[in-house]
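Below is one structure, written out as structure tokens; comments come after it.
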Amino acid sequence: MKRILISLMLIIALTTLVYSSEFYLISNVKQNKEISLYNSPQNGRELAVLGAGDIFEIVQKDEDGNRLVLDIDGNAGWISNDIFEKTSLVNISDRGLQRYYSDSVRNEERSDFDISKAEASPLIITVSLKGLTLHAKCALEGFYKVYPVGVGVKDKYGKSITPTSSSQNKEFFMTCTDRDNGWYYMKRRWSPQYFGGFPFIRLNVVNRKNQHTYGFHGPITKNKLGNWYLQRGYVSHGCMRMRGEDCQELYEMAHKYAGARVYIIEDYEYDEDGNIVDCDYPRW
């Protein structure tokens, strides 16, 4: 009911349409009663369902016209160009909505990362996109943990859209060396509300606008009882989702040992004996 009221208010408020906005409201769904979001442009696994009155942001568009979207509940997924063209949409130019839901960056919020300081942090983090794992190691404290993660949905080639270190011509990414920077270290992130008050740790991974919006954060999704849970799979629009308690533990280590090296790799991570690094948590 709340979403319907918000949708009606937005429609009434829109006296003119400004098409520079990337937010859309579904006013009608032709032929189908609902629109499914999938984890790949080729209609892979269904991640969420949208219907009339729902609002979403276009995050990315591939060369075939398929749209990667993010709805206001934090669900990410692909809509095919064919379905998109059959859907009646209202372009939303409401700046308040855009500021609240879009993860934009002001120039003064961006920090320069001094790679030479990375060696000073004893914390090393490795994310495996194929293994869906985050391996945090800190020999100084004897801290070795492997966490399950949810990463970016797949592109048309079947690869996660989460950037790897090599894809941005880096040996590794980093957490910010300034632990007091509230943009890169959020102990509790509530806005948008789907972040659930869990920590948010930003990295120096750049998006298409050369902004630092990628990072580690909470699970985003809730079950039917309203409890947070992690979907360990290809489910996000680029960030790495974690269980709430895991994200909190990682935040404490990352904040204590700022400037950690972060390796995001395409393949599995292997230990010294050649075994795949994994954890006991089901894939979704």
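Simple scheme: letters A, B, ... for chains in structure tokens order, numbers from 1 for residues in each chain, numbers from 1 for ligands in the order shown.
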
**Report entry** Exercise: Tyr157 of chain A partners within 9 Å, only C-alpha atoms, chain neighbours under 3 positions left out, as number ranges by chain
**Finding:** A: 40, 154, 160

**Report entry** Shell of 7 Å around Ala118 of chain A, only C-alpha atoms, local chain residues under 3 positions omitted, as a list of chain:residue names
**Finding:** A:Ile115, A:Ser121, A:Gly259, A:Ala260, A:Arg261

Query - Atomic separation - atom CA of Asp73 of chain A relative to atom CA of Lys187 of chain A, Å - result: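 It comes out at 20.7 Å.
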
Requested in this report: Using only C-alpha atoms, pick whichever of A:Arg243, A:Tyr214, A:Tyr185, A:Ser167 has the shortest atom-to-atom distance to Asn227 of chain A.
Outcome: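 Looking only at the distances to Asn227 of chain A, the closest residue turns out to be A:Arg243.
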
Query - DSSP strand (DSSP E) residues within segment 50-116 of chain A, listed as a list in words - result: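 Those residues are Leu50, Ile55, Phe56, Glu57, Ile58, Val59, Gln60, Lys61, Arg67, Leu68, Val69, Leu70, Asp71, Ala76, Gly77, Trp78, Ile79, Thr87, Ser88, Leu89, Val90, Asn91 and Ile92 of chain A.
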
Query raised in the report: Quick one: residues within 12 Å of Asn207 of chain A, only C-alpha atoms counted, chain neighbours fewer than 3 positions away excluded, as number ranges by chain?
Result: A: 59-60, 103-105, 161-164, 167-168, 203-204, 210-215, 237-239

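Residues with any atom within 8 Å of Ala136 of chain A, counting only C-alpha atoms and excluding same-chain neighbours fewer than 5 positions away, are Leu123, Ile124, Ile125, Thr126, Phe143, Tyr144, Lys145, Val146 and Leu250 of chain A.
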
Include C-alpha atoms and write out the residues we just selected as a CSV table (one decimal), in the first residue's frame.
```csv
chain,number,residue,atom,x,y,z
A,123,LEU,CA,45.1,-7.1,6.2
A,124,ILE,CA,44.8,-8.8,2.8
A,125,ILE,CA,41.4,-9.5,1.3
A,126,THR,CA,40.8,-11.8,-1.7
A,143,PHE,CA,42.9,-13.8,11.7
A,144,TYR,CA,41.9,-16.0,8.8
A,145,LYS,CA,38.3,-16.0,7.7
A,146,VAL,CA,36.5,-17.2,4.6
A,250,LEU,CA,35.2,-7.4,8.4
```

Query - Selection: 10 Å around Gly182 of chain A, only C-alpha atoms, excl. self and same-chain fewer than 4 positions, as a list in words - result: Glu109, Asp178, Met186, Lys187, Phe200, Ile201 and Arg202 of chain A

Requested in this report: For each of A:Val277, A:Ala258, A:Leu25, A:Met253, take the minimum atom-to-atom distance to Ile92 of chain A, counting only C-alpha atoms, then give the residue where this is smallest.
Outcome: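 Residue with the minimum atom-to-atom distance to Ile92 of chain A: A:Leu25.
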
Query - Contact residues around Glu63 of chain A with only C-alpha atoms at 12 Å, ignoring same-chain residues under 6 positions, as a ChimeraX atom specification - result: /A:41,80-81,155-156
